[in-house]
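A.B. asks: The structure follows.
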Protein chains: 2
Amino acid sequence: MAQFLNSADSGFEEAFRALLAAKREDSPDVDAVVAEIIADVRARGDRAVLELTAKFDRLELDADGLRFTAAEIDSYCAQVSAEDRVALELAADRIRAYHARQMPDDESWTDAAGARLGWRWTPVSAAGLYVPGGIATYPSSVLMNAVPAKVAGVDRLAMVVPTPDGAVNPLVLLAARIAGVDEIYRIGGAQAVAALAYGTETIAPVDKITGPGNAFVAAAKRRVFGKVGIDMIAGPSEILVIADRDNDPDWIALDLLSQAEHDESAQSILITDDAAFGQAVAQAVEARLQTLERRAVAGASWRDFGAVITVRTMDEAVALSDRIAPEHLELCVAEADALAERITHAGAIFIGAWTPEAIGDYVGGPNHVLPTARSARFSSGLSVMDFLKRTTLSRMSPEALAQIGPAAERLAISESLEAHGLSVRARLDRLNKD
Amino acid sequence: MAQFLNSADSGFEEAFRALLAAKREDSPDVDAVVAEIIADVRARGDRAVLELTAKFDRLELDADGLRFTAAEIDSYCAQVSAEDRVALELAADRIRAYHARQMPDDESWTDAAGARLGWRWTPVSAAGLYVPGGIATYPSSVLMNAVPAKVAGVDRLAMVVPTPDGAVNPLVLLAARIAGVDEIYRIGGAQAVAALAYGTETIAPVDKITGPGNAFVAAAKRRVFGKVGIDMIAGPSEILVIADRDNDPDWIALDLLSQAEHDESAQSILITDDAAFGQAVAQAVEARLQTLERRAVAGASWRDFGAVITVRTMDEAVALSDRIAPEHLELCVAEADALAERITHAGAIFIGAWTPEAIGDYVGGPNHVLPTARSARFSSGLSVMDFLKRTTLSRMSPEALAQIGPAAERLAISESLEAHGLSVRARLDRLNKD
């Protein structure tokens, strides 16, 4: 059973702080092992990758077998049911349409001084997508990473997915094909991240690596950061639901459980202005936990990290929500749109009771890769921006340089950077002479 | 003397690769010391910060003295000459105007299924700006970090700047005031980063930390990343100039030296299609190095990392430039605009011979905090985006849920996430019943 808090109680502030500070993740320190694996792949390329794959995935390959052939992908994709294929295509279409709207514009203008200024966006040339294998293989994550990369215009998108004991999830390969992934390699772990970052004889290096993974993958991404770009290192999933009494407690219970079932470290919180409604939701959670397939995981998450917070007003709910800065925020209240406008820190907001968070995991359109662990205070979900970079542009006319150059020279001198100043002065002198 | 390469030579590819791979930075491993300092500040707050400031900056303060008072700032600002003040204000105005154009739009639309989708940008609530003290104190860096934060709408901007032995640069304080910095603390090093990230009795914690610093500051930023957001960890500065023979060799020499004078690890490269012009520039560099104030630094950089590359065609120049992915790219060629359009990877492009890179360091308008060490392949310069985050929004109507909900349910089942599917199914059942 989750804990119950009430903002009217004297001990509330302390209890709420403890809830915020709860350490949910136990990251094993695998950094030394990962450093060795990366060094090995850098030194020995394919051979290291093949040996590590044999060791960790119990899969004997040669270099030619690292990459799925088109025929192999065809064959796995053919195993997917028509219904699943249609659902994946609907999801991909909606994710593509949403992310296409994110494409930023180039700009160019000439200002009053006569300086032409602007910027231009260009895609990352090559990106790598890590997809976990084993028990939790999520075709939806393939779409959420690969579609924005392709919308951004990434020319070469290479995916890695471990296939322990040779097990392949056909839906993952179909999702990759639908999203336009260019190369798929059956490798995983830190060795796959190292191969993407540094390249091997078979795998060309990429410029950016995204996608979730276990502690080894996360540590490897941290280590290769700088050599390549990486996306965020995601923590366990979270949901905050703000709901008034005019909701079906079972709907809200299922929404809370749809985060809890991800992971024992996931966190589901309900904030309501009606204590009795909070109790009813908690009872509905217990009822659903009797039969839920993943009841062991969901039950542990709800017991250890779940919370039902009763507040006096929706103003309090907004303030607490911003302190939580939730990854997912569901607003099941009468004036949901108005409440949404008052929220400052959240990865994604699901507005109204007809928008269960699970819609956003699959088919809503927005990305499901979102900032966790309160990082919505300073970061955003995955988007096309993660696969683009901006080059700033400036072009001075002689007149513009005459107008603003002396200030640059002055500041250069004040910073004791003489050559900076001289590079401007030499040009100004020419103008004065002409 | 820099090295000379010619793309027509048989050994060119190997020599160019060596140039790309040259390790210019020698980062001392200070991570263990930094971890201790951060733990100390977290445990003891102000007391730790004060003791560390006494130790490293030889400055005895009490908690009340940590922050510059408004009167102190007034007094230092009054020491700045009118000319310097005018130059700083011109720079701030131009940086503000450029960054104001970067502000992204919120979006909201209803799609064919009846789903309302969109996103909203909000500023980071509180940001911290690190400003190095000691020998290289750059008021221009204060403007380049603080102005975008304030344009983005950051409510509270706290700056830290060490004042070793009590030495204060009035221009740094004036730049902070012009840019709208809200709080200024006379602390630096890892202890200042820790104070910004975790807070002390005197200093409230921030959500994002930007700004350059030495190895201790860089290591501290890496360590607090996750707790707060950080900007890039910048490496030594670089410039690539592509110039044809129709240039004054002295102008190009000064542009190369304006990077070289920053740091012995800086790198200046010239690519030209005229070997004789390349020689002339190298001679002009040597001539300027006779008298340049920072000739020791600039000379070492030019000798160890400088290069003059002769190519046969400007097509080659474009291809090599994209492999270098330079922080700063100056195009001093006849068709400079056309050439700029063909460049894919560069932090900032300075178009035409009347646009020395130094203009961009101070008064151009674009940011001078730019991706180094080839990271322009996957990242961008500092911008208002670094101080904003995006919340995605979705609102399903019952009709929209009826249309796309079944696909979400199907995918949830395929991923064995039953509660996800049930949260959609419970709502669909209600619709079917109504």
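Residues in the structure tokens are named by chain (A, B, ... in the order shown) and by number from 1 within that chain; ligands are numbered from 1 in the order shown.
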Could you please write out, as an NGL selection string, every residue of segment 232-363 of chain B that DSSP assigns to strand (DSSP E)?
C.D. replies: :B and (238-243 or 267-272 or 307-310 or 328-332 or 348-351)
A.B. asks: Counting only C-alpha atoms, a student should be able to say which residues of chain B come within 6 Å of chain A; what is the right answer, written as an MDAnalysis selection string?
C.D. replies: chainID B and resid 87 124 229 254:255 258 346:351 354:355 358 362:363 378:380 389:396 407:408 419:420 423
A.B. asks: What's the 6 Å shell around Thr310 of chain A, counting only C-alpha atoms, without same-chain residues fewer than 6 positions away, as a PyMOL selection string?
C.D. replies: chain A and resi 6+271-273+275
A.B. asks: Selected residues, N, CA and C atoms, written as a PDB file, in the first residue's frame, please.
C.D. replies:
ATOM      1  N   ASN A   6      -1.305  14.312   3.646  1.00  0.00           N
ATOM      2  CA  ASN A   6      -2.351  15.337   3.573  1.00  0.00           C
ATOM      3  C   ASN A   6      -1.696  16.695   3.827  1.00  0.00           C
ATOM      4  N   ILE A 271      -2.452  13.148  -6.675  1.00  0.00           N
ATOM      5  CA  ILE A 271      -2.825  14.314  -5.868  1.00  0.00           C
ATOM      6  C   ILE A 271      -4.305  14.576  -6.123  1.00  0.00           C
ATOM      7  N   THR A 272      -5.083  14.665  -5.046  1.00  0.00           N
ATOM      8  CA  THR A 272      -6.506  14.920  -5.183  1.00  0.00           C
ATOM      9  C   THR A 272      -6.956  15.898  -4.112  1.00  0.00           C
ATOM     10  N   ASP A 273      -8.049  16.589  -4.392  1.00  0.00           N
ATOM     11  CA  ASP A 273      -8.589  17.505  -3.371  1.00  0.00           C
ATOM     12  C   ASP A 273      -9.730  16.842  -2.588  1.00  0.00           C
ATOM     13  N   ALA A 275     -10.178  13.532  -0.071  1.00  0.00           N
ATOM     14  CA  ALA A 275      -9.520  12.409   0.599  1.00  0.00           C
ATOM     15  C   ALA A 275     -10.245  11.091   0.336  1.00  0.00           C
TER      16      ALA A 275
END
A.B. asks: Just the number, please: distance in Å from atom CA of Ala266 of chain A to atom CA of Val297 of chain A, one decimal.
C.D. replies: 9.2 Å
A.B. asks: Could you name the residues that touch Gly45 of chain A at 8 Å or less, counting only C-alpha atoms, but leaving out those on the same chain fewer than 4 positions away, as a ChimeraX atom specification?
C.D. replies: /A:40-41,49,195,199-201
A.B. asks: Among segment 107-152 of chain A, which residues does DSSP mark as helix (DSSP H, G or I) when it is run on the backbone? Keep the chain and numbering as in the structure and answer as JSON, numbers by chain.
C.D. replies: {"A": [139, 140, 141, 142, 143, 144, 145, 146, 147, 148, 149, 150, 151, 152]}
A.B. asks: List the spatial neighbours of Gly180 of chain B as a VMD selection string - criterion: any atom at most 9 Å away, only C-alpha atoms, same-chain residues fewer than 4 positions off excluded.
C.D. replies: chain B and resid 146 to 147 150 157 175 to 176
